[in-house]
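Below is one structure, written out as structure tokens; comments come after it.
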Amino acid sequence: MISVRTAKGYDLSLRGAPLETSERLAPPATLAVLPEHVPFIKPRLTVKEGDRVAVGDLLFTDKANPRIRFLSPGGGHVEAIHYGPRRVLRAVVIRREAQNEPVKTLGPPMDLEEIDQCPRSDLVERLLAGGVWPLLRAFPYRGIADPESVPPAIFVSLDAREPFQVPPERYLANHGALLTPGLRALKRLCPVVHVYADAARRAFCDTHKDVITHAVRGRYPADDAGVLLFHVRQSPKENSAWFINGQDVLLVAQMLQTGQYPTERLFAVAGTGAAAPRYVASRLGAPLKDLVGEVRCQTPRYTVGGVLRGYAGDPEGHMGLYETSVTVLPEPVEADFLTLFRPGIDKPSYSRAFLSALRRKPLPMTTNVNGGHRACIACGYCADVCPVDIWPQMTFKSILAEEVEESLAHGLLDCVECGLCSYVCPSKIELAATLQAAKHAYRKEQA
Amino acid sequence: MNVFRNLFDALRFRFEEGGRFHKLYAFYESIETVFFGPVERTPGLPHVRDSLDVKRFMMLVIVALIPHLCFGLYNAGYQSRLASGLSMGFLPVIWSGIWLVLPMLIVTYVVGFAWEVLFAVVRKHEISEGLFVSCMLFPLTLPPGTPLWQVALGISFGIVIGKEVFGGTGRNFLNPALTGRAFLYFAYPVSLSGDQVWTVLSGARDTVVDTFTAATPLSVSASTPASQAVEETLRSVGYGALKLFGGLYPGSVGGTSTLLCILGAMFLILLGIASYRIILGGVLGVLCTGFFLNLIAGPDSAPFLSLNPFYHLLMGGAAFGIVYMTTDPVSATHMKQVKWIYGFMCGMLTVLIRVFNPAFPEGVGLAILFMNLFNPLLDHIEMQIRMRRRISNA
């Protein structure tokens with residue numbers, strides 16, 4: 001096991017962590033797939049409202065690469081297809097059949113030996129047909145991996161340090177046996193598989209020391225594959241590596257072992273706005289309402305996937321394919337009186353400008369911007385936290401000046417989109433969003 | 001609290017779209033956000049934001065400067081009454097000081113704020129709080145009793161030419177307060193230099209009492225006769241090291257006390273507002289250069305060369321400049337490691353100007369402005385080095 005230390009980053013101390021309890025939800029009445037939150041795809045629907053579907057039936061493919069298939073997480077009928085502005089396909093909602101949910105078999109079950117012997121091209125076909133291929137994503141843009149290519153390495157992140165995610169001990173508790181076959185399958189795709197976990201989880205690292213290749217010590221987002229890539233890469237060739245999350249490896253393994261589309265997921269429900277923050281076992285694409293249950297604030301925001309890099313989910317909507325957590329935060333309603341002059345014992349801050357710096361204790365947060373928009377005053381906080389050593393305050397200026405070459409040289413494509421630069425900015429500049437948009441624009445240009 | 005809420009709610013519509021004073025919205029907003037933190041929902045990525053904003057960032061600098069202002073009031077009154085041979089009771093001294101300094105402060109804020117509002121209204125952006133720091137710093141660099149029209153002119157130049165013509169706070173490359181100060185120095189050399197300007201006579205007197213030394217420690221040092229040591233000369237006119245450290249001697253309003261500068265530096269560094277790299281670099285620059293001058297000083301050279309390097313930090317505004325002026329984040333280097341070089345060069349140039357240029361007794365302001373010009377170059381160099389170290393990803 002190689003030790004890696006990441007120097008920068010920042011751990012938010014946010015109140016509302018999930019309690020150490022798990023709950024298994026009754027199968028929800030509806031499930032959905034959200035093409036909107038699958039990176040860069042142009043979905044082509046193969047079903048229409050009212051169609052009967054089984055678990056594992058094809059719902060849509062990617063126009064750019066029709067081999068990439070998205071399957072139904074539930075058996076029943078297509079209840080609704082939601083479009084957003086400019087006919088963006090937002091959600092395909094399936095109403096489950098309460099009894100005898102139809103399940104489609106996508107291939108013969110494979111055991112460990114068969115996985116090991118399976119030729120690479122066959123395995124790729126199996127993963128594509130099984131609908132789990134989209135779980136593999138590629139750097140630098142974090143889109144779905146290209147099935148035609150062979151990556152220089154695959155990074156498997158067992159951990160997630162963003163508040164609040166499911167810790168690996170928990171999701172491996174019941175499905176630990178799936179980890180090995182999953183990793184073996186990845187090994188067939190690419191001989192170099194880096195599996196890493198937070199070195200602070202000593203016991204966990206010890207029990208899994210035969211599979212973990214890197215123990216990473218560092219603050220958020222040390223768990224991100226992009227950060228590890230930044231620290232371990234030796235040459236520019238490695239920049240096109242692939243990555244996959246720990247829980248998703250289990251889905252890959254389950255799909256191969258059963259020959260059916262896997263539908264089980266463990267979610268973290270958290271945030272000061274959730275009445276019962278806890279871990280919930282449910283189905284892929286479960287409704288947010290079912291997961292969260294009772295809400296404790298007037299105007300909740302459901303941040304799906306984490307408070308830093310997640311998206312604001314529709315409270316009536318569903319979980320996406322990749323996200324394993326929903327954190328409910330209150331939207332700001334009323335302005336604080338004389339907040340400027342308060343010592344700020346309860347004000348969370350990266351800086352030391354509040355008394356809260358003296359006690360590292362989880363504090364409640366709202367989705368308030370917490371300040372007026374100003375020009376950059378070059379305080380340098382963003383560069384202090386950037387995990388991949390970009391200087392966002394310089395890079396965002398080069399982006400706004402449309403100096404593409406310069407921003408690339410600054411390391412734009414290394415950006416892991418962790419959101420920390422925007423978080424710490426006292427001028428409230430949308431640094432992370434600017435960098436992300438520039439990356440996406442550059443990707444479009446390259447295509 | 002409700003009183004204020006109601007007041008702002010009652011006034012708000014007049015400043016909003018369609019209101020009578022809509023043009024002055026920036027002004028209204030800057031006042032309201034002093035009382036009530038802003039409420040705005042994040043667009044996501046990330047959904048939560050730090051509690052720190054520029055307002056608090058700048059307010060903390062002002063908090064650090066308040067002791068300087070209070071001490072400056074006292075010192076101005078003290079020197080004035082001492083020179084005039086008046087009673088030295090605490091309250092009368094404070095009272096004299098208030099009359100000398102407060103009008104300067106008020107004029108600075110009114111004029112500076114007026115310019116900022118004007119530019120904010122024309123450019124349709126919010127008022128940036130950097131202004132409040134510049135307006136606090138500016139009068140502290142002036143001699144007490146500077147004519148108010150000069151104060152107004154100086155801060156106007158500092159804000160408009162030093163900052164606004166380049167796009168306002170965040171886009172200026174010179175320290176606005178120092179720009180204004182340097183402008184006054186060069187535009188009105190007669191009324192802003194020499195030994196007499198640092199002390200204001202009060203009462204009916206037009207000459208200082210005989211026992212009073214009007215000359216500042218720096219001019220005493222620069223004019224030390226060749227046969228004497230500077231430390232001796234300073235002591236002979238009453239400027240012992242401890243007195244210089246405390247700051248109770250004629251000089252600019254806020255810049256005399258090295259003790260307060262050290263406390264302020266600790267406050268700002270502990271809170272992470274000022275860069276310790278710049279401050280330590282500056283101190284090192286002063287000391288190393290002073291020490292180097294000691295080494296090259298021969299028996300025939302000016303006695304200023306042989307001065308104990310620490311005296312450079314005790315006299316005049318070097319400490320004040322290094323703690324509060326070099327650390328203005330916008331006009332300092334933006335990259336991290338070159339901050340050491342920037343600070344060091346500021347300290348070095350300060351000493352060199354003091355020792356070798358008889359036209360300028362104090363050099364810290366000019367040194368900082370000069371180094372401000374080089375900061376984009378220093379940033380560029382560090383950025384190039386960093387980019388070369390990266391494994392390319394493009």
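Here, A, B, ... name the chains of the structure tokens in the order displayed, residue numbers run from 1 inside each chain, and ligands are numbered from 1 in the same displayed order.
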
Which residues are near A:Gly218? Cut-off 8 Å, only C-alpha atoms, ignore same chain within fewer than 3 positions. Put them as a PyMOL selection string. chain A and resi 5-9+198+221-222

Could you make a table, as a Markdown table, of the residues of chain B that have an atom within 7 Å of an atom of chain A, each with its nearest atom pair and distance in Å to one decimal, counting only C-alpha atoms, in chain and number order?
```
| residue | atom | partner | partner_atom | distance |
| --- | --- | --- | --- | --- |
| B:Met1 | CA | A:Phe337 | CA | 6.8 |
| B:Val34 | CA | A:Leu340 | CA | 6.5 |
| B:Phe35 | CA | A:Leu338 | CA | 4.6 |
| B:Phe36 | CA | A:Phe337 | CA | 4.7 |
| B:Gly37 | CA | A:Ala335 | CA | 5.3 |
| B:Pro38 | CA | A:Gly371 | CA | 5.7 |
| B:Val39 | CA | A:Ala335 | CA | 5.8 |
| B:Glu40 | CA | A:Asn368 | CA | 5.4 |
| B:Arg41 | CA | A:Asn368 | CA | 4.9 |
| B:Thr42 | CA | A:Val369 | CA | 5.3 |
| B:Gly44 | CA | A:Tyr311 | CA | 6.5 |
| B:Leu45 | CA | A:Arg309 | CA | 5.1 |
| B:Pro46 | CA | A:Leu308 | CA | 4.0 |
| B:His47 | CA | A:Val307 | CA | 5.4 |
| B:Val48 | CA | A:Thr367 | CA | 4.9 |
| B:Arg49 | CA | A:Tyr423 | CA | 4.5 |
| B:Asp50 | CA | A:Ser349 | CA | 5.1 |
| B:Ser51 | CA | A:Ser349 | CA | 5.4 |
| B:Leu52 | CA | A:Pro426 | CA | 5.4 |
| B:Asp53 | CA | A:Pro426 | CA | 4.0 |
| B:Val54 | CA | A:Pro426 | CA | 5.2 |
| B:Arg56 | CA | A:Leu340 | CA | 6.0 |
| B:Ser128 | CA | A:Arg374 | CA | 6.5 |
| B:Thr169 | CA | A:Ala375 | CA | 6.8 |
| B:Gly170 | CA | A:Ile377 | CA | 4.8 |
| B:Leu271 | CA | A:Arg352 | CA | 4.7 |
| B:Gly272 | CA | A:Arg352 | CA | 5.8 |
| B:Pro329 | CA | A:Ala378 | CA | 5.6 |
| B:Val330 | CA | A:Ile377 | CA | 5.2 |
| B:His334 | CA | A:Ala378 | CA | 5.7 |
| B:Met387 | CA | A:His410 | CA | 6.0 |
| B:Ile391 | CA | A:Pro236 | CA | 6.1 |
| B:Ser392 | CA | A:Pro236 | CA | 5.8 |
| B:Asn393 | CA | A:Pro236 | CA | 6.0 |
| B:Ala394 | CA | A:Leu408 | CA | 6.1 |
```

Pick out the closest residue to A:Arg278 from this set: A:Leu135, A:Ile345, A:Leu45, A:Val166. Count only C-alpha atoms.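 Closest to A:Arg278, using only C-alpha atoms: A:Val166.
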